[in-house]
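S.K.: Below you'll find protein-v1.csv; it's CSV, N, CA and C atoms.
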```
chain,number,residue,atom,x,y,z
A,1,MET,N,85.6,89.6,122.5
A,1,MET,CA,85.3,90.3,121.2
A,1,MET,C,86.4,91.2,120.8
A,2,ASN,N,87.0,91.9,121.7
A,2,ASN,CA,88.1,92.8,121.4
A,2,ASN,C,89.2,92.2,120.6
A,3,LYS,N,89.6,91.0,120.8
A,3,LYS,CA,90.6,90.3,120.1
A,3,LYS,C,90.2,90.2,118.6
A,4,LYS,N,89.0,89.9,118.4
A,4,LYS,CA,88.5,89.7,117.0
A,4,LYS,C,88.5,91.0,116.2
A,5,PHE,N,88.2,92.2,116.9
A,5,PHE,CA,88.3,93.4,116.2
A,5,PHE,C,89.8,93.7,115.7
A,6,ARG,N,90.7,93.5,116.6
A,6,ARG,CA,92.1,93.7,116.3
A,6,ARG,C,92.6,92.8,115.3
A,7,PHE,N,92.2,91.5,115.4
A,7,PHE,CA,92.7,90.5,114.5
A,7,PHE,C,92.2,90.8,113.1
A,8,LEU,N,91.0,91.2,112.9
A,8,LEU,CA,90.5,91.5,111.5
A,8,LEU,C,91.2,92.7,111.0
A,9,ARG,N,91.4,93.7,111.8
A,9,ARG,CA,92.1,94.9,111.3
A,9,ARG,C,93.5,94.6,110.8
A,10,ILE,N,94.2,93.9,111.6
A,10,ILE,CA,95.6,93.6,111.3
A,10,ILE,C,95.6,92.6,110.1
A,11,LEU,N,94.8,91.7,110.0
A,11,LEU,CA,94.7,90.7,108.9
A,11,LEU,C,94.4,91.4,107.6
A,12,ASN,N,93.7,92.5,107.7
A,12,ASN,CA,93.4,93.3,106.5
A,12,ASN,C,94.3,94.5,106.2
A,13,HIS,N,95.4,94.5,106.9
A,13,HIS,CA,96.5,95.5,106.7
A,13,HIS,C,96.0,96.9,106.9
A,14,LEU,N,95.1,97.2,107.9
A,14,LEU,CA,94.6,98.5,108.2
A,14,LEU,C,95.2,99.0,109.5
A,15,THR,N,95.4,100.3,109.5
A,15,THR,CA,95.8,101.0,110.8
A,15,THR,C,94.5,101.3,111.5
A,16,GLN,N,94.7,101.6,112.8
A,16,GLN,CA,93.5,102.0,113.5
A,16,GLN,C,92.8,103.3,112.9
A,17,GLU,N,93.7,104.2,112.4
A,17,GLU,CA,93.2,105.4,111.8
A,17,GLU,C,92.4,105.1,110.5
A,18,GLU,N,92.9,104.2,109.7
A,18,GLU,CA,92.2,103.8,108.5
A,18,GLU,C,90.9,103.2,108.8
A,19,LEU,N,90.8,102.3,109.7
A,19,LEU,CA,89.6,101.6,110.1
A,19,LEU,C,88.6,102.6,110.7
A,20,ALA,N,89.1,103.5,111.5
A,20,ALA,CA,88.2,104.5,112.1
A,20,ALA,C,87.5,105.3,111.0
A,21,GLN,N,88.3,105.7,110.0
A,21,GLN,CA,87.7,106.4,108.9
A,21,GLN,C,86.6,105.7,108.2
A,22,LYS,N,86.8,104.4,108.0
A,22,LYS,CA,85.8,103.5,107.3
A,22,LYS,C,84.6,103.4,108.2
A,23,LEU,N,84.7,103.4,109.5
A,23,LEU,CA,83.6,103.2,110.4
A,23,LEU,C,83.0,104.5,110.8
A,24,GLY,N,83.6,105.6,110.5
A,24,GLY,CA,83.1,107.0,110.9
A,24,GLY,C,83.2,107.3,112.4
A,25,VAL,N,84.3,106.8,113.0
A,25,VAL,CA,84.6,107.0,114.4
A,25,VAL,C,86.0,107.5,114.5
A,26,SER,N,86.4,107.8,115.8
A,26,SER,CA,87.8,108.3,116.0
A,26,SER,C,88.7,107.1,116.2
A,27,ARG,N,90.0,107.3,116.0
A,27,ARG,CA,91.0,106.3,116.2
A,27,ARG,C,91.0,105.8,117.6
A,28,THR,N,90.8,106.7,118.6
A,28,THR,CA,90.7,106.4,120.0
A,28,THR,C,89.5,105.4,120.2
A,29,CYS,N,88.5,105.6,119.6
A,29,CYS,CA,87.3,104.7,119.7
A,29,CYS,C,87.7,103.3,119.3
A,30,VAL,N,88.3,103.1,118.1
A,30,VAL,CA,88.8,101.8,117.7
A,30,VAL,C,89.8,101.2,118.7
A,31,ALA,N,90.7,102.0,119.2
A,31,ALA,CA,91.7,101.5,120.1
A,31,ALA,C,91.0,101.0,121.4
A,32,ASN,N,90.0,101.7,121.9
A,32,ASN,CA,89.3,101.3,123.1
A,32,ASN,C,88.5,100.0,122.8
A,33,TRP,N,88.0,99.8,121.7
A,33,TRP,CA,87.3,98.6,121.4
A,33,TRP,C,88.3,97.4,121.3
A,34,GLU,N,89.4,97.7,120.7
A,34,GLU,CA,90.4,96.6,120.6
A,34,GLU,C,91.0,96.2,122.0
A,35,LYS,N,91.1,97.2,122.9
A,35,LYS,CA,91.7,97.0,124.2
A,35,LYS,C,90.6,96.4,125.2
A,36,GLY,N,89.3,96.4,124.7
A,36,GLY,CA,88.3,95.9,125.6
A,36,GLY,C,87.8,96.9,126.6
A,37,ILE,N,88.2,98.2,126.5
A,37,ILE,CA,87.8,99.2,127.4
A,37,ILE,C,86.4,99.6,127.2
A,38,ARG,N,86.0,99.6,125.9
A,38,ARG,CA,84.6,99.9,125.6
A,38,ARG,C,84.1,98.8,124.6
A,39,THR,N,82.8,98.7,124.4
A,39,THR,CA,82.2,97.8,123.5
A,39,THR,C,81.4,98.6,122.5
A,40,PRO,N,81.6,98.4,121.2
A,40,PRO,CA,80.9,99.2,120.2
A,40,PRO,C,79.4,98.9,120.2
A,41,GLU,N,78.7,99.9,119.7
A,41,GLU,CA,77.3,99.7,119.5
A,41,GLU,C,77.0,98.8,118.4
A,42,THR,N,75.9,98.1,118.4
A,42,THR,CA,75.6,97.1,117.3
A,42,THR,C,75.8,97.7,115.9
A,43,LYS,N,75.4,98.9,115.7
A,43,LYS,CA,75.6,99.5,114.3
A,43,LYS,C,77.0,99.4,113.9
A,44,TYR,N,78.0,99.6,114.8
A,44,TYR,CA,79.4,99.5,114.4
A,44,TYR,C,79.8,98.1,114.2
A,45,ILE,N,79.3,97.2,115.0
A,45,ILE,CA,79.6,95.8,114.7
A,45,ILE,C,79.1,95.4,113.3
A,46,LEU,N,77.9,95.8,113.0
A,46,LEU,CA,77.4,95.6,111.7
A,46,LEU,C,78.3,96.2,110.6
A,47,LYS,N,78.8,97.3,110.8
A,47,LYS,CA,79.8,97.9,109.8
A,47,LYS,C,81.0,97.1,109.7
A,48,TYR,N,81.5,96.5,110.8
A,48,TYR,CA,82.6,95.6,110.8
A,48,TYR,C,82.3,94.4,109.9
A,49,THR,N,81.1,93.8,110.0
A,49,THR,CA,80.8,92.7,109.2
A,49,THR,C,80.8,93.0,107.7
A,50,GLN,N,80.4,94.2,107.4
A,50,GLN,CA,80.4,94.6,106.0
A,50,GLN,C,81.8,94.9,105.5
A,51,ILE,N,82.6,95.6,106.3
A,51,ILE,CA,84.0,95.9,105.9
A,51,ILE,C,84.8,94.7,105.7
A,52,PHE,N,84.7,93.7,106.6
A,52,PHE,CA,85.5,92.5,106.6
A,52,PHE,C,84.8,91.3,106.1
A,53,ASN,N,83.6,91.4,105.6
A,53,ASN,CA,82.8,90.3,105.0
A,53,ASN,C,82.8,89.1,105.9
A,54,VAL,N,82.4,89.3,107.2
A,54,VAL,CA,82.2,88.2,108.1
A,54,VAL,C,80.8,88.2,108.7
A,55,ASP,N,80.4,87.1,109.2
A,55,ASP,CA,79.0,87.0,109.8
A,55,ASP,C,79.0,87.8,111.1
A,56,PHE,N,77.8,88.3,111.5
A,56,PHE,CA,77.7,88.9,112.8
A,56,PHE,C,77.9,87.9,113.9
A,57,ASP,N,77.6,86.7,113.7
A,57,ASP,CA,77.8,85.6,114.7
A,57,ASP,C,79.3,85.5,115.0
A,58,PHE,N,80.2,85.8,114.1
A,58,PHE,CA,81.6,85.7,114.4
A,58,PHE,C,82.0,86.6,115.6
A,59,PHE,N,81.3,87.7,115.8
A,59,PHE,CA,81.6,88.6,116.9
A,59,PHE,C,80.9,88.2,118.2
A,60,ILE,N,79.7,87.7,118.1
A,60,ILE,CA,79.0,87.4,119.3
A,60,ILE,C,79.2,86.0,119.8
A,61,SER,N,79.9,85.1,119.0
A,61,SER,CA,80.2,83.7,119.5
A,61,SER,C,81.3,83.8,120.5
A,62,ASN,N,81.4,82.8,121.3
A,62,ASN,CA,82.5,82.7,122.3
A,62,ASN,C,83.7,81.9,121.7
A,63,ASN,N,83.6,81.6,120.4
A,63,ASN,CA,84.6,80.8,119.8
A,63,ASN,C,85.8,81.7,119.4
A,64,ASP,N,86.9,81.6,120.1
A,64,ASP,CA,88.1,82.4,119.9
A,64,ASP,C,89.2,81.5,119.3
A,65,TYR,N,88.9,80.4,118.6
A,65,TYR,CA,89.9,79.5,118.1
A,65,TYR,C,90.9,80.2,117.2
A,66,VAL,N,90.5,81.2,116.4
A,66,VAL,CA,91.4,81.9,115.5
A,66,VAL,C,92.4,82.7,116.3
A,67,MET,N,92.0,83.2,117.5
A,67,MET,CA,92.8,84.1,118.2
A,67,MET,C,93.7,83.5,119.3
A,68,GLU,N,93.6,82.2,119.4
A,68,GLU,CA,94.3,81.5,120.5
A,68,GLU,C,95.8,81.5,120.4
A,69,GLU,N,96.3,81.5,119.1
A,69,GLU,CA,97.7,81.4,118.9
A,69,GLU,C,98.2,82.5,117.9
A,70,SER,N,99.4,82.9,118.0
A,70,SER,CA,99.9,83.8,117.0
A,70,SER,C,101.1,83.1,116.4
A,71,PHE,N,101.4,83.4,115.2
A,71,PHE,CA,102.5,82.8,114.5
A,71,PHE,C,103.5,83.8,113.9
A,72,ASP,N,104.7,83.5,113.9
A,72,ASP,CA,105.7,84.4,113.3
A,72,ASP,C,105.8,84.1,111.8
A,73,ILE,N,105.4,85.0,111.0
A,73,ILE,CA,105.4,84.8,109.6
A,73,ILE,C,106.5,85.6,108.9
A,74,SER,N,107.4,86.2,109.6
A,74,SER,CA,108.4,87.0,109.1
A,74,SER,C,109.3,86.3,108.1
A,75,ALA,N,109.4,85.0,108.2
A,75,ALA,CA,110.3,84.2,107.3
A,75,ALA,C,109.6,83.9,106.0
A,76,LEU,N,108.3,84.2,105.9
A,76,LEU,CA,107.6,83.9,104.6
A,76,LEU,C,107.8,85.0,103.6
A,77,ASP,N,107.8,84.6,102.3
A,77,ASP,CA,107.9,85.6,101.3
A,77,ASP,C,106.4,86.1,101.0
A,78,ASN,N,106.3,87.2,100.2
A,78,ASN,CA,105.0,87.8,100.0
A,78,ASN,C,104.0,86.9,99.4
A,79,ASP,N,104.4,86.0,98.5
A,79,ASP,CA,103.4,85.0,98.0
A,79,ASP,C,102.9,84.1,99.1
A,80,GLU,N,103.7,83.6,99.9
A,80,GLU,CA,103.3,82.7,101.0
A,80,GLU,C,102.4,83.5,102.0
A,81,LYS,N,102.7,84.8,102.3
A,81,LYS,CA,101.9,85.6,103.2
A,81,LYS,C,100.5,85.8,102.6
A,82,ASN,N,100.5,86.0,101.2
A,82,ASN,CA,99.2,86.2,100.6
A,82,ASN,C,98.3,84.9,100.6
A,83,ILE,N,99.0,83.8,100.5
A,83,ILE,CA,98.2,82.5,100.6
A,83,ILE,C,97.7,82.3,102.0
A,84,LEU,N,98.5,82.6,103.0
A,84,LEU,CA,98.0,82.5,104.4
A,84,LEU,C,96.9,83.5,104.6
A,85,TYR,N,97.0,84.7,104.1
A,85,TYR,CA,96.0,85.7,104.3
A,85,TYR,C,94.7,85.2,103.6
A,86,ASP,N,94.7,84.7,102.4
A,86,ASP,CA,93.5,84.1,101.7
A,86,ASP,C,92.9,83.0,102.5
A,87,PHE,N,93.7,82.2,103.1
A,87,PHE,CA,93.3,81.0,103.9
A,87,PHE,C,92.5,81.5,105.1
A,88,TYR,N,93.1,82.4,105.9
A,88,TYR,CA,92.4,83.0,107.1
A,88,TYR,C,91.1,83.7,106.7
A,89,THR,N,91.1,84.4,105.6
A,89,THR,CA,89.9,85.1,105.1
A,89,THR,C,88.8,84.1,104.8
A,90,CYS,N,89.2,83.1,104.2
A,90,CYS,CA,88.2,82.0,103.9
A,90,CYS,C,87.6,81.4,105.1
A,91,ILE,N,88.5,81.1,106.1
A,91,ILE,CA,88.0,80.6,107.4
A,91,ILE,C,87.0,81.5,108.0
A,92,LEU,N,87.3,82.8,108.1
A,92,LEU,CA,86.5,83.8,108.7
A,92,LEU,C,85.1,83.9,108.1
A,93,ARG,N,85.1,83.8,106.7
A,93,ARG,CA,83.9,84.0,106.0
A,93,ARG,C,83.0,82.7,106.1
A,94,ASN,N,83.6,81.6,106.3
A,94,ASN,CA,82.8,80.3,106.2
A,94,ASN,C,82.7,79.5,107.4
A,95,HIS,N,83.4,79.8,108.5
A,95,HIS,CA,83.4,78.9,109.6
A,95,HIS,C,82.0,78.7,110.3
A,96,HIS,N,81.2,79.7,110.3
A,96,HIS,CA,79.9,79.6,110.9
A,96,HIS,C,79.0,78.8,110.0
A,97,LYS,N,79.1,79.0,108.7
A,97,LYS,CA,78.2,78.3,107.8
A,97,LYS,C,78.5,76.8,107.9
A,98,LYS,N,79.8,76.4,108.0
A,98,LYS,CA,80.1,75.0,108.1
A,98,LYS,C,79.6,74.4,109.4
A,99,LEU,N,79.8,75.2,110.5
A,99,LEU,CA,79.3,74.7,111.7
A,99,LEU,C,77.8,74.5,111.7
A,100,ASP,N,77.0,75.4,111.1
A,100,ASP,CA,75.6,75.3,111.1
A,100,ASP,C,75.2,74.1,110.2
A,101,LYS,N,75.8,73.8,109.1
A,101,LYS,CA,75.5,72.7,108.3
A,101,LYS,C,75.8,71.4,109.0
A,102,ARG,N,76.8,71.4,109.8
A,102,ARG,CA,77.1,70.1,110.6
A,102,ARG,C,76.0,69.8,111.6
A,103,TYR,N,75.5,70.8,112.2
A,103,TYR,CA,74.4,70.6,113.2
A,103,TYR,C,73.1,70.3,112.6
A,104,LEU,N,72.9,70.5,111.3
A,104,LEU,CA,71.7,70.2,110.6
A,104,LEU,C,71.6,68.8,110.2
A,105,LYS,N,72.7,68.1,110.2
A,105,LYS,CA,72.6,66.6,109.8
A,105,LYS,C,71.9,65.8,110.8
```
Translate the structure described by the file into structure tokens.

M.R.:
Amino acid sequence: MNKKFRFLRILNHLTQEELAQKLGVSRTCVANWEKGIRTPETKYILKYTQIFNVDFDFFISNNDYVMEESFDISALDNDEKNILYDFYTCILRNHHKKLDKRYLK
């Protein structure tokens, strides 16, 4: 779960301090969640879902396919980075809905 917290924060161009302010916690608290030292209470996970517009299931599922690899995007220009950002955002918002629909068939 900690990888997902960090991934969403970085993907949305937030510092730990900025995210802490949005959540109403300290920067140290966010850092501990991202390092896996502590696990946030459910109310903070729900705040994450609202801030980043993802399903609660994203955090509780064991599916880490988004976090398995990292890519060097330093060679991309800003337009290409924005397209990539939009793509990942779309995946995060919709991946559970698509999985659920597949199992309903």

S.K.: Rounded to one decimal, what separation in Å do you get between atom N of A:Ser61 and atom N of A:Asn82?

M.R.: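 Those two atoms sit 27.2 Å apart.
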
S.K.: Of the candidates A:Asn2, A:His13, A:Thr49, A:Asp57, which one gets nearest to A:Val30 if we count only C-alpha atoms?

M.R.: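 For A:Val30, the nearest of the given residues is A:Asn2.
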
S.K.: When you draw a straight line from atom CA of A:Leu23 to atom CA of A:Phe59, how long is it in Å?

M.R.: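 Separation of atom CA of A:Leu23 and atom CA of A:Phe59: 16.1 Å.
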
S.K.: Take atom CA of A:Leu11 and atom N of A:Phe87 and report the distance between them in Å, one decimal.

M.R.: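 Taking atom CA of A:Leu11 as the start and atom N of A:Phe87 as the end point, the length is 10.3 Å.
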
S.K.: Could you tell me which of A:Lys3, A:Lys81, A:Lys22, A:Arg27 comes closest to A:Tyr48 if we count all atoms listed in the file?

M.R.: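 Looking at the shortest contact to A:Tyr48, the residue is A:Lys22.
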
S.K.: For A:Asn12, which residue out of A:Thr28, A:Phe52, A:Glu41, A:Asp79 is the nearest one, using all atoms listed in the file?

M.R.: A:Phe52

S.K.: From the list A:Ile45, A:Asp77, A:Phe5, A:Tyr88, which residue is nearest A:Trp33 when using only N, CA and C atoms?

M.R.: A:Phe5

S.K.: Find the residues around A:Ala31 up to 9 Å (only C-alpha atoms counted), leave out those fewer than 6 positions away in its own chain, and share them as a VMD selection string.

M.R.: chain A and resid 6 16 37

S.K.: Please rebuild stretch 29-43 of chain A with N, CA, C and O atoms and return the result as a short mmCIF file (atom, residue, chain, number, x, y, z; two decimals), keeping the file's coordinate frame.

M.R.:
```cif
data_model
loop_
_atom_site.label_atom_id
_atom_site.label_comp_id
_atom_site.auth_asym_id
_atom_site.auth_seq_id
_atom_site.Cartn_x
_atom_site.Cartn_y
_atom_site.Cartn_z
N CYS A 29 88.50 105.60 119.60
CA CYS A 29 87.30 104.70 119.70
C CYS A 29 87.70 103.30 119.30
O CYS A 29 87.42 102.30 120.01
N VAL A 30 88.30 103.10 118.10
CA VAL A 30 88.80 101.80 117.70
C VAL A 30 89.80 101.20 118.70
O VAL A 30 89.68 100.03 119.01
N ALA A 31 90.70 102.00 119.20
CA ALA A 31 91.70 101.50 120.10
C ALA A 31 91.00 101.00 121.40
O ALA A 31 91.37 99.97 121.93
N ASN A 32 90.00 101.70 121.90
CA ASN A 32 89.30 101.30 123.10
C ASN A 32 88.50 100.00 122.80
O ASN A 32 88.43 99.19 123.74
N TRP A 33 88.00 99.80 121.70
CA TRP A 33 87.30 98.60 121.40
C TRP A 33 88.30 97.40 121.30
O TRP A 33 88.01 96.35 121.88
N GLU A 34 89.40 97.70 120.70
CA GLU A 34 90.40 96.60 120.60
C GLU A 34 91.00 96.20 122.00
O GLU A 34 91.45 95.11 122.20
N LYS A 35 91.10 97.20 122.90
CA LYS A 35 91.70 97.00 124.20
C LYS A 35 90.60 96.40 125.20
O LYS A 35 90.91 96.00 126.29
N GLY A 36 89.30 96.40 124.70
CA GLY A 36 88.30 95.90 125.60
C GLY A 36 87.80 96.90 126.60
O GLY A 36 87.08 96.61 127.54
N ILE A 37 88.20 98.20 126.50
CA ILE A 37 87.80 99.20 127.40
C ILE A 37 86.40 99.60 127.20
O ILE A 37 85.64 99.87 128.13
N ARG A 38 86.00 99.60 125.90
CA ARG A 38 84.60 99.90 125.60
C ARG A 38 84.10 98.80 124.60
O ARG A 38 84.90 98.19 123.88
N THR A 39 82.80 98.70 124.40
CA THR A 39 82.20 97.80 123.50
C THR A 39 81.40 98.60 122.50
O THR A 39 80.66 99.51 122.85
N PRO A 40 81.60 98.40 121.20
CA PRO A 40 80.90 99.20 120.20
C PRO A 40 79.40 98.90 120.20
O PRO A 40 78.97 97.82 120.51
N GLU A 41 78.70 99.90 119.70
CA GLU A 41 77.30 99.70 119.50
C GLU A 41 77.00 98.80 118.40
O GLU A 41 77.92 98.55 117.54
N THR A 42 75.90 98.10 118.40
CA THR A 42 75.60 97.10 117.30
C THR A 42 75.80 97.70 115.90
O THR A 42 76.24 96.95 115.06
N LYS A 43 75.40 98.90 115.70
CA LYS A 43 75.60 99.50 114.30
C LYS A 43 77.00 99.40 113.90
O LYS A 43 77.29 99.25 112.67
#
```
